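Worksheet: the structure to be examined is printed underneath.
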Amino acid sequence: MTAETLSPRQCPTPQALKKACDFRQQCMLKHPRLSDFHSLAEHLHAGLLEGDSAVSSYIPQPFRLRVRGICYTPDCYIVDGDRRRILEINPSGEIPDDRRIPLEQFFKKQKMRFEVVSNQSIYARRIEAENWLEIVRLLYVARDVDTQVAEQTVLEFLYRHTQCEVGDLVDAGDRERTYNQEIALFRLLHRGILRAALTDHHLDYDTAVSLCH
């Protein structure tokens, strides 16, 4: 097995592949570049990584390898605490042993863990993933907005009330007036300081929010 480099960096997506696959792009936060995704499952998975406070960063399409003479690009490189994980996402959640075993052994030598995840396991958390992708879109657009004071306001409100709904902090009739507070709320969620009920229903004004303990 050979690799062009083991310094993880998103490999450019060839134009032919963009046309052949379910190609998607989004500016993310834990991968602070325009990110390429070659399927819906990859895109949703990135949303789940954004919502996982244990994950500090990830890189889509991080390496180009040759496995038994065949070109191979893993779907994602993930930094999770002290762990480094290499992820393959596919419909079955399995790959043939003649590819899997060399990949596991190769990455183990590099102190990385190779894992395979099924599309279905990601689709089972689709609402949660879509909620995080929307939060990331909002936060990316507001990346230059100073919310230090608004974050303190949100935290003080939750210290007093323990739990609230998004609509208690964001004025549905005048979002501009509470815009900084809205962005502050989502930043605190993204950092894992707050938690929200994002698994069963799409993000809305009645979404429950509370402090993480």
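If you're wondering about the labels, chains in the structure tokens are A, B, ... by order shown, residues count from 1 in each chain, ligands from 1 in order shown.
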Quiz prompt | Residue set, segment 100-149 of chain A restricted to alpha helix (DSSP H), as an MDAnalysis selection string | solution = chainID A and resid 100:109 119:123 126:141 148:149
With C-alpha atoms retained, could you export that selection as a PDB file, in the first residue's frame?
ATOM      1  CA  ARG A 100     -10.350  -3.895   4.792  1.00  0.00           C
ATOM      2  CA  ILE A 101      -7.502  -5.840   6.394  1.00  0.00           C
ATOM      3  CA  PRO A 102      -4.657  -4.008   4.579  1.00  0.00           C
ATOM      4  CA  LEU A 103      -6.329  -0.665   5.402  1.00  0.00           C
ATOM      5  CA  GLU A 104      -6.743  -1.543   9.078  1.00  0.00           C
ATOM      6  CA  GLN A 105      -3.122  -2.676   9.330  1.00  0.00           C
ATOM      7  CA  PHE A 106      -1.770   0.290   7.402  1.00  0.00           C
ATOM      8  CA  PHE A 107      -3.598   2.904   9.475  1.00  0.00           C
ATOM      9  CA  LYS A 108      -2.842   1.100  12.735  1.00  0.00           C
ATOM     10  CA  LYS A 109       0.858   1.607  12.014  1.00  0.00           C
ATOM     11  CA  ASN A 119     -25.404   4.724   5.098  1.00  0.00           C
ATOM     12  CA  GLN A 120     -28.422   3.390   6.984  1.00  0.00           C
ATOM     13  CA  SER A 121     -26.921   4.103  10.396  1.00  0.00           C
ATOM     14  CA  ILE A 122     -26.491   7.724   9.308  1.00  0.00           C
ATOM     15  CA  TYR A 123     -29.959   8.006   7.718  1.00  0.00           C
ATOM     16  CA  ARG A 126     -31.162  12.227   9.504  1.00  0.00           C
ATOM     17  CA  ILE A 127     -33.251  14.814  11.385  1.00  0.00           C
ATOM     18  CA  GLU A 128     -30.456  15.381  13.895  1.00  0.00           C
ATOM     19  CA  ALA A 129     -27.895  15.710  11.098  1.00  0.00           C
ATOM     20  CA  GLU A 130     -30.055  18.157   9.130  1.00  0.00           C
ATOM     21  CA  ASN A 131     -30.541  20.270  12.241  1.00  0.00           C
ATOM     22  CA  TRP A 132     -26.800  20.532  12.744  1.00  0.00           C
ATOM     23  CA  LEU A 133     -26.192  21.347   9.078  1.00  0.00           C
ATOM     24  CA  GLU A 134     -28.684  24.224   9.405  1.00  0.00           C
ATOM     25  CA  ILE A 135     -27.020  25.462  12.602  1.00  0.00           C
ATOM     26  CA  VAL A 136     -23.635  25.350  10.867  1.00  0.00           C
ATOM     27  CA  ARG A 137     -25.017  27.371   7.926  1.00  0.00           C
ATOM     28  CA  LEU A 138     -26.304  30.045  10.298  1.00  0.00           C
ATOM     29  CA  LEU A 139     -23.064  30.140  12.278  1.00  0.00           C
ATOM     30  CA  TYR A 140     -20.880  30.292   9.187  1.00  0.00           C
ATOM     31  CA  VAL A 141     -22.811  33.275   7.815  1.00  0.00           C
ATOM     32  CA  GLN A 148     -19.751  37.553  23.802  1.00  0.00           C
ATOM     33  CA  VAL A 149     -22.352  39.685  25.624  1.00  0.00           C
TER      34      VAL A 149
END
Can you tell me, as a tab-separated table (two decimals) with all heavy atoms, in the first residue's frame, what residues are no more than 12 Å from segment 25-29 of chain A when counting only C-alpha atoms, ignoring any on the same chain fewer than 4 positions away?
chain	number	residue	atom	x	y	z
A	12	PRO	N	-8.95	17.36	-3.97
A	12	PRO	CA	-9.93	17.95	-4.90
A	12	PRO	C	-10.78	16.88	-5.56
A	12	PRO	O	-10.30	15.78	-5.87
A	12	PRO	CB	-9.04	18.67	-5.93
A	12	PRO	CG	-7.71	18.83	-5.26
A	12	PRO	CD	-7.56	17.68	-4.34
A	13	THR	N	-12.04	17.18	-5.76
A	13	THR	CA	-12.95	16.25	-6.42
A	13	THR	C	-12.88	16.46	-7.93
A	13	THR	O	-13.16	17.55	-8.41
A	13	THR	CB	-14.40	16.46	-5.95
A	13	THR	OG1	-14.45	16.32	-4.53
A	13	THR	CG2	-15.33	15.45	-6.59
A	18	LYS	N	-17.79	14.72	-9.82
A	18	LYS	CA	-18.86	15.64	-9.40
A	18	LYS	C	-20.14	15.36	-10.18
A	18	LYS	O	-21.25	15.44	-9.63
A	18	LYS	CB	-18.43	17.09	-9.61
A	18	LYS	CG	-17.37	17.58	-8.64
A	18	LYS	CD	-17.04	19.05	-8.91
A	18	LYS	CE	-15.96	19.56	-7.97
A	18	LYS	NZ	-15.63	20.98	-8.21
A	33	ARG	N	-13.13	24.96	5.72
A	33	ARG	CA	-12.96	25.19	4.29
A	33	ARG	C	-14.24	24.76	3.59
A	33	ARG	O	-15.08	24.10	4.19
A	33	ARG	CB	-11.77	24.40	3.73
A	33	ARG	CG	-10.43	24.71	4.39
A	33	ARG	CD	-9.33	23.84	3.81
A	33	ARG	NE	-8.07	24.02	4.53
A	33	ARG	CZ	-7.21	24.98	4.28
A	33	ARG	NH1	-7.45	25.85	3.31
A	33	ARG	NH2	-6.09	25.08	4.98
A	34	LEU	N	-14.37	25.09	2.33
A	34	LEU	CA	-15.50	24.57	1.56
A	34	LEU	C	-15.31	23.06	1.45
A	34	LEU	O	-14.32	22.58	0.90
A	34	LEU	CB	-15.54	25.22	0.17
A	34	LEU	CG	-16.70	24.79	-0.73
A	34	LEU	CD1	-18.04	25.15	-0.10
A	34	LEU	CD2	-16.57	25.43	-2.10
A	35	SER	N	-16.27	22.32	1.99
A	35	SER	CA	-16.12	20.87	2.09
A	35	SER	C	-16.86	20.17	0.96
A	35	SER	O	-17.99	20.54	0.63
A	35	SER	CB	-16.68	20.38	3.43
A	35	SER	OG	-16.00	20.99	4.51
A	36	ASP	N	-16.22	19.15	0.40
A	36	ASP	CA	-16.81	18.33	-0.66
A	36	ASP	C	-17.37	17.04	-0.06
A	36	ASP	O	-16.68	16.36	0.72
A	36	ASP	CB	-15.75	17.95	-1.71
A	36	ASP	CG	-15.31	19.13	-2.55
A	36	ASP	OD1	-15.83	20.25	-2.35
A	36	ASP	OD2	-14.43	18.93	-3.41
A	37	PHE	N	-18.58	16.70	-0.47
A	37	PHE	CA	-19.19	15.44	-0.05
A	37	PHE	C	-19.70	14.72	-1.29
A	37	PHE	O	-20.34	15.33	-2.14
A	37	PHE	CB	-20.34	15.70	0.93
A	37	PHE	CG	-19.93	16.53	2.12
A	37	PHE	CD1	-20.32	17.86	2.22
A	37	PHE	CD2	-19.14	15.98	3.11
A	37	PHE	CE1	-19.93	18.63	3.30
A	37	PHE	CE2	-18.74	16.75	4.20
A	37	PHE	CZ	-19.14	18.07	4.29
A	38	HIS	N	-19.44	13.43	-1.38
A	38	HIS	CA	-19.74	12.66	-2.58
A	38	HIS	C	-21.06	11.90	-2.48
A	38	HIS	O	-21.38	11.11	-3.36
A	38	HIS	CB	-18.59	11.69	-2.88
A	38	HIS	CG	-17.30	12.40	-3.17
A	38	HIS	ND1	-16.08	11.75	-3.20
A	38	HIS	CD2	-17.03	13.71	-3.42
A	38	HIS	CE1	-15.12	12.63	-3.46
A	38	HIS	NE2	-15.67	13.81	-3.60
A	39	SER	N	-21.79	12.12	-1.39
A	39	SER	CA	-23.09	11.48	-1.22
A	39	SER	C	-23.86	12.20	-0.14
A	39	SER	O	-23.29	12.95	0.67
A	39	SER	CB	-22.92	10.00	-0.84
A	39	SER	OG	-22.38	9.89	0.47
A	40	LEU	N	-25.16	11.95	-0.09
A	40	LEU	CA	-25.99	12.49	0.99
A	40	LEU	C	-25.51	11.98	2.33
A	40	LEU	O	-25.45	12.73	3.32
A	40	LEU	CB	-27.46	12.10	0.77
A	40	LEU	CG	-28.43	12.43	1.90
A	40	LEU	CD1	-28.47	13.93	2.17
A	40	LEU	CD2	-29.82	11.90	1.59
A	42	GLU	N	-22.51	11.12	3.33
A	42	GLU	CA	-21.31	11.83	3.76
A	42	GLU	C	-21.65	13.22	4.30
A	42	GLU	O	-21.09	13.67	5.31
A	42	GLU	CB	-20.32	11.97	2.60
A	42	GLU	CG	-19.66	10.67	2.18
A	42	GLU	CD	-18.65	10.89	1.06
A	42	GLU	OE1	-18.12	12.02	0.93
A	42	GLU	OE2	-18.39	9.93	0.31
A	43	HIS	N	-22.57	13.91	3.62
A	43	HIS	CA	-22.97	15.25	4.03
A	43	HIS	C	-23.66	15.20	5.40
A	43	HIS	O	-23.33	15.98	6.31
A	43	HIS	CB	-23.89	15.85	2.97
A	43	HIS	CG	-24.13	17.30	3.14
A	43	HIS	ND1	-25.17	17.96	2.53
A	43	HIS	CD2	-23.49	18.27	3.87
A	43	HIS	CE1	-25.15	19.24	2.84
A	43	HIS	NE2	-24.14	19.45	3.66
A	44	LEU	N	-24.60	14.28	5.57
A	44	LEU	CA	-25.29	14.14	6.85
A	44	LEU	C	-24.32	13.76	7.96
A	44	LEU	O	-24.42	14.26	9.09
A	44	LEU	CB	-26.39	13.09	6.74
A	44	LEU	CG	-27.58	13.43	5.82
A	44	LEU	CD1	-28.51	12.22	5.72
A	44	LEU	CD2	-28.35	14.65	6.33
A	46	ALA	N	-21.24	14.55	8.26
A	46	ALA	CA	-20.50	15.75	8.66
A	46	ALA	C	-21.33	16.58	9.63
A	46	ALA	O	-20.79	17.16	10.59
A	46	ALA	CB	-20.12	16.58	7.45
A	47	GLY	N	-22.66	16.65	9.39
A	47	GLY	CA	-23.52	17.35	10.32
A	47	GLY	C	-23.47	16.72	11.71
A	47	GLY	O	-23.41	17.43	12.73
A	48	LEU	N	-23.46	15.40	11.78
A	48	LEU	CA	-23.38	14.70	13.07
A	48	LEU	C	-22.04	14.97	13.75
A	48	LEU	O	-21.98	15.11	14.98
A	48	LEU	CB	-23.60	13.20	12.88
A	48	LEU	CG	-24.98	12.80	12.36
A	48	LEU	CD1	-25.02	11.30	12.08
A	48	LEU	CD2	-26.08	13.18	13.35
A	49	LEU	N	-20.98	15.05	12.97
A	49	LEU	CA	-19.67	15.37	13.55
A	49	LEU	C	-19.66	16.78	14.12
A	49	LEU	O	-19.07	17.04	15.18
A	49	LEU	CB	-18.57	15.23	12.49
A	49	LEU	CG	-18.30	13.82	11.96
A	49	LEU	CD1	-17.22	13.86	10.88
A	49	LEU	CD2	-17.88	12.88	13.09
A	50	GLU	N	-20.32	17.71	13.42
A	50	GLU	CA	-20.40	19.08	13.93
A	50	GLU	C	-21.11	19.12	15.27
A	50	GLU	O	-20.77	19.93	16.14
A	50	GLU	CB	-21.13	19.98	12.92
A	50	GLU	CG	-20.38	20.23	11.63
A	50	GLU	CD	-19.24	21.24	11.77
A	50	GLU	OE1	-19.19	21.92	12.80
A	50	GLU	OE2	-18.42	21.35	10.83
A	51	GLY	N	-22.10	18.27	15.47
A	51	GLY	CA	-22.85	18.25	16.71
A	51	GLY	C	-22.24	17.43	17.81
A	51	GLY	O	-22.75	17.41	18.93
A	55	VAL	N	-15.68	15.66	19.05
A	55	VAL	CA	-14.93	15.79	17.79
A	55	VAL	C	-14.46	17.23	17.65
A	55	VAL	O	-15.27	18.16	17.64
A	55	VAL	CB	-15.80	15.40	16.58
A	55	VAL	CG1	-15.10	15.71	15.27
A	55	VAL	CG2	-16.17	13.92	16.65
A	56	SER	N	-13.15	17.41	17.55
A	56	SER	CA	-12.62	18.77	17.41
A	56	SER	C	-12.45	19.18	15.96
A	56	SER	O	-12.55	20.37	15.63
A	56	SER	CB	-11.28	18.90	18.14
A	56	SER	OG	-10.34	17.96	17.62
A	57	SER	N	-12.22	18.22	15.07
A	57	SER	CA	-12.06	18.56	13.66
A	57	SER	C	-12.22	17.31	12.80
A	57	SER	O	-12.15	16.17	13.30
A	57	SER	CB	-10.69	19.20	13.39
A	57	SER	OG	-9.65	18.26	13.62
A	58	TYR	N	-12.43	17.52	11.51
A	58	TYR	CA	-12.50	16.41	10.56
A	58	TYR	C	-12.14	16.96	9.18
A	58	TYR	O	-12.19	18.18	8.95
A	58	TYR	CB	-13.88	15.75	10.55
A	58	TYR	CG	-15.00	16.70	10.16
A	58	TYR	CD1	-15.36	16.90	8.84
A	58	TYR	CD2	-15.68	17.42	11.14
A	58	TYR	CE1	-16.36	17.78	8.49
A	58	TYR	CE2	-16.68	18.31	10.81
A	58	TYR	CZ	-17.02	18.48	9.48
A	58	TYR	OH	-17.99	19.37	9.14
A	59	ILE	N	-11.78	16.07	8.29
A	59	ILE	CA	-11.41	16.46	6.93
A	59	ILE	C	-12.03	15.45	5.96
A	59	ILE	O	-11.71	14.26	6.02
A	59	ILE	CB	-9.89	16.50	6.73
A	59	ILE	CG1	-9.25	17.50	7.72
A	59	ILE	CG2	-9.54	16.88	5.29
A	59	ILE	CD1	-7.74	17.49	7.69
A	60	PRO	N	-12.92	15.89	5.08
A	60	PRO	CA	-13.45	14.98	4.06
A	60	PRO	C	-12.37	14.63	3.02
A	60	PRO	O	-11.50	15.45	2.73
A	60	PRO	CB	-14.59	15.79	3.41
A	60	PRO	CG	-14.84	16.94	4.34
A	60	PRO	CD	-13.54	17.21	5.01
A	132	TRP	N	-28.16	20.02	12.56
A	132	TRP	CA	-26.80	20.53	12.74
A	132	TRP	C	-26.28	21.21	11.48
A	132	TRP	O	-25.57	22.23	11.56
A	132	TRP	CB	-25.86	19.42	13.20
A	132	TRP	CG	-25.98	19.15	14.65
A	132	TRP	CD1	-26.50	18.04	15.26
A	132	TRP	CD2	-25.62	20.03	15.72
A	132	TRP	NE1	-26.48	18.18	16.62
A	132	TRP	CE2	-25.94	19.39	16.94
A	132	TRP	CE3	-25.04	21.30	15.74
A	132	TRP	CZ2	-25.70	19.98	18.18
A	132	TRP	CZ3	-24.80	21.90	16.99
A	132	TRP	CH2	-25.13	21.25	18.18
A	133	LEU	N	-26.62	20.69	10.32
A	133	LEU	CA	-26.19	21.35	9.08
A	133	LEU	C	-26.79	22.75	8.97
A	133	LEU	O	-26.14	23.69	8.51
A	133	LEU	CB	-26.58	20.50	7.87
A	133	LEU	CG	-25.79	19.20	7.69
A	133	LEU	CD1	-26.37	18.37	6.54
A	133	LEU	CD2	-24.31	19.46	7.45
A	134	GLU	N	-28.05	22.90	9.42
A	134	GLU	CA	-28.68	24.22	9.41
A	134	GLU	C	-28.02	25.15	10.42
A	134	GLU	O	-27.77	26.34	10.12
A	134	GLU	CB	-30.18	24.10	9.71
A	134	GLU	CG	-30.92	25.42	9.77
A	134	GLU	CD	-30.87	26.21	8.47
A	134	GLU	OE1	-30.56	25.63	7.40
A	134	GLU	OE2	-31.13	27.43	8.52
A	135	ILE	N	-27.72	24.65	11.60
A	135	ILE	CA	-27.02	25.46	12.60
A	135	ILE	C	-25.66	25.91	12.08
A	135	ILE	O	-25.26	27.07	12.24
A	135	ILE	CB	-26.88	24.67	13.92
A	135	ILE	CG1	-28.25	24.53	14.60
A	135	ILE	CG2	-25.87	25.32	14.86
A	135	ILE	CD1	-28.28	23.58	15.78
A	136	VAL	N	-24.95	25.00	11.43
A	136	VAL	CA	-23.63	25.35	10.87
A	136	VAL	C	-23.77	26.43	9.80
A	136	VAL	O	-22.96	27.36	9.73
A	136	VAL	CB	-22.94	24.09	10.31
A	136	VAL	CG1	-21.75	24.46	9.44
A	136	VAL	CG2	-22.50	23.19	11.45
A	137	ARG	N	-24.80	26.34	8.94
A	137	ARG	CA	-25.02	27.37	7.93
A	137	ARG	C	-25.21	28.74	8.59
A	137	ARG	O	-24.61	29.74	8.16
A	137	ARG	CB	-26.24	27.04	7.08
A	137	ARG	CG	-26.06	25.87	6.13
A	137	ARG	CD	-27.28	25.70	5.22
A	137	ARG	NE	-27.19	24.44	4.48
A	137	ARG	CZ	-27.83	23.33	4.81
A	137	ARG	NH1	-28.63	23.31	5.87
A	137	ARG	NH2	-27.68	22.23	4.10
A	138	LEU	N	-26.04	28.79	9.61
A	138	LEU	CA	-26.30	30.04	10.30
A	138	LEU	C	-25.03	30.59	10.96
A	138	LEU	O	-24.74	31.79	10.89
A	138	LEU	CB	-27.40	29.84	11.34
A	138	LEU	CG	-28.79	29.52	10.79
A	138	LEU	CD1	-29.71	29.05	11.92
A	138	LEU	CD2	-29.40	30.73	10.09
A	139	LEU	N	-24.28	29.70	11.60
A	139	LEU	CA	-23.06	30.14	12.28
A	139	LEU	C	-21.98	30.57	11.30
A	139	LEU	O	-21.23	31.52	11.58
A	139	LEU	CB	-22.54	29.02	13.18
A	139	LEU	CG	-23.39	28.70	14.41
A	139	LEU	CD1	-22.77	27.56	15.21
A	139	LEU	CD2	-23.55	29.93	15.30
A	140	TYR	N	-21.89	29.90	10.16
A	140	TYR	CA	-20.88	30.29	9.19
A	140	TYR	C	-21.17	31.69	8.64
A	140	TYR	O	-20.26	32.53	8.53
A	140	TYR	CB	-20.80	29.28	8.04
A	140	TYR	CG	-19.69	29.62	7.07
A	140	TYR	CD1	-18.37	29.25	7.35
A	140	TYR	CD2	-19.95	30.34	5.91
A	140	TYR	CE1	-17.34	29.60	6.49
A	140	TYR	CE2	-18.92	30.69	5.05
A	140	TYR	CZ	-17.62	30.32	5.34
A	140	TYR	OH	-16.60	30.67	4.49
A	141	VAL	N	-22.43	31.95	8.32
A	141	VAL	CA	-22.81	33.27	7.82
A	141	VAL	C	-22.51	34.34	8.87
A	141	VAL	O	-22.08	35.45	8.53
A	141	VAL	CB	-24.30	33.30	7.44
A	141	VAL	CG1	-24.78	34.71	7.16
A	141	VAL	CG2	-24.55	32.42	6.21
A	142	ALA	N	-22.68	34.00	10.14
A	142	ALA	CA	-22.49	34.97	11.22
A	142	ALA	C	-21.12	34.86	11.88
A	142	ALA	O	-20.93	35.30	13.02
A	142	ALA	CB	-23.58	34.76	12.28
A	143	ARG	N	-20.15	34.30	11.17
A	143	ARG	CA	-18.84	34.01	11.78
A	143	ARG	C	-18.12	35.25	12.30
A	143	ARG	O	-17.26	35.15	13.18
A	143	ARG	CB	-17.96	33.25	10.78
A	143	ARG	CG	-17.65	34.00	9.50
A	143	ARG	CD	-17.04	33.05	8.47
A	143	ARG	NE	-16.74	33.70	7.19
A	143	ARG	CZ	-17.64	33.93	6.25
A	143	ARG	NH1	-18.91	33.58	6.42
A	143	ARG	NH2	-17.29	34.51	5.10
A	187	ARG	N	-24.05	29.03	18.92
A	187	ARG	CA	-22.63	28.84	19.22
A	187	ARG	C	-22.44	28.03	20.50
A	187	ARG	O	-21.58	27.16	20.58
A	187	ARG	CB	-21.93	30.20	19.35
A	187	ARG	CG	-21.62	30.84	18.00
A	187	ARG	CD	-20.88	32.15	18.13
A	187	ARG	NE	-20.56	32.67	16.79
A	187	ARG	CZ	-20.24	33.92	16.53
A	187	ARG	NH1	-20.19	34.81	17.52
A	187	ARG	NH2	-19.97	34.30	15.30
A	190	HIS	N	-23.16	24.46	19.67
A	190	HIS	CA	-22.08	23.87	18.87
A	190	HIS	C	-20.86	23.56	19.74
A	190	HIS	O	-20.16	22.57	19.50
A	190	HIS	CB	-21.71	24.83	17.73
A	190	HIS	CG	-20.78	24.24	16.73
A	190	HIS	ND1	-19.44	24.54	16.70
A	190	HIS	CD2	-20.98	23.36	15.71
A	190	HIS	CE1	-18.87	23.88	15.71
A	190	HIS	NE2	-19.77	23.16	15.09
A	191	ARG	N	-20.61	24.37	20.75
A	191	ARG	CA	-19.47	24.12	21.64
A	191	ARG	C	-19.76	23.05	22.68
A	191	ARG	O	-18.86	22.65	23.43
A	191	ARG	CB	-19.08	25.41	22.36
A	191	ARG	CG	-18.45	26.47	21.48
A	191	ARG	CD	-17.97	27.62	22.34
A	191	ARG	NE	-17.99	28.86	21.58
A	191	ARG	CZ	-18.41	30.02	22.04
A	191	ARG	NH1	-18.87	30.12	23.28
A	191	ARG	NH2	-18.39	31.09	21.29
Practice problem: Please provide as number ranges by chain all residues within 10 Å of Glu182 of chain A, with the sequence filter that same-chain residues fewer than 2 positions apart are discarded (counting only C-alpha atoms). | Solution: A: 138-139, 147, 150-151, 154, 166-167, 169-171, 175-180, 184-187
Quiz item: segment 111-114 of chain A: which residues within 12 Å, counting only C-alpha atoms, same-chain residues fewer than 4 positions away excluded, as a list in words?
Solution: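 Returned residues: Leu6, Pro8, Pro74, Asp75, Cys76, Tyr77, Ile78, Val79, Asp80, Asp82, Arg83, Arg84, Arg85, Ile86, Leu87, Glu88, Ile89, Glu94, Ile95, Arg99, Arg100, Ile101, Pro102, Leu103, Glu104, Gln105, Phe106 and Phe107 of chain A.
Compared by their closest atoms to Leu211 of chain A, and using only C-alpha atoms, the residues A:Ala197, A:Leu17, A:Leu158, A:Val67 rank with A:Leu158 nearest.
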Self-check item: d(atom CA of Phe157 of chain A, atom CA of Gly192 of chain A) in Å
Solution: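 Those two atoms sit 17.0 Å apart.
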Practice problem: From the DSSP assignment of the backbone, select every residue of segment 18-66 of chain A that is strand (DSSP E or B), and format the answer as a list in words. | Solution: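 Residues of segment 18-66 of chain A classed as strand (DSSP E or B): Arg24, Gln25, Gln26, Cys27, Leu34, Ser35, Asp36, Phe37, Val55, Ser56, Ser57, Tyr58, Ile59, Pro60, Leu65 and Arg66 of chain A.
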Quiz prompt | Separation of atom CA of Asp144 of chain A from atom CA of Arg9 of chain A in Å | solution = 25.0 Å
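If only C-alpha atoms are the atoms counted, then among A:Lys30, A:Pro91, A:Arg66, A:Asp22 the closest residue to Ala54 of chain A is A:Lys30.
With only C-alpha atoms as the atoms that count, the minimum distance from Gln181 of chain A to the choices A:His161, A:Asp204, A:Ala196, A:Leu155 is reached by A:Leu155.
Picture a line from atom CA of Phe63 of chain A to atom CA of Gln10 of chain A; it runs 7.2 Å.
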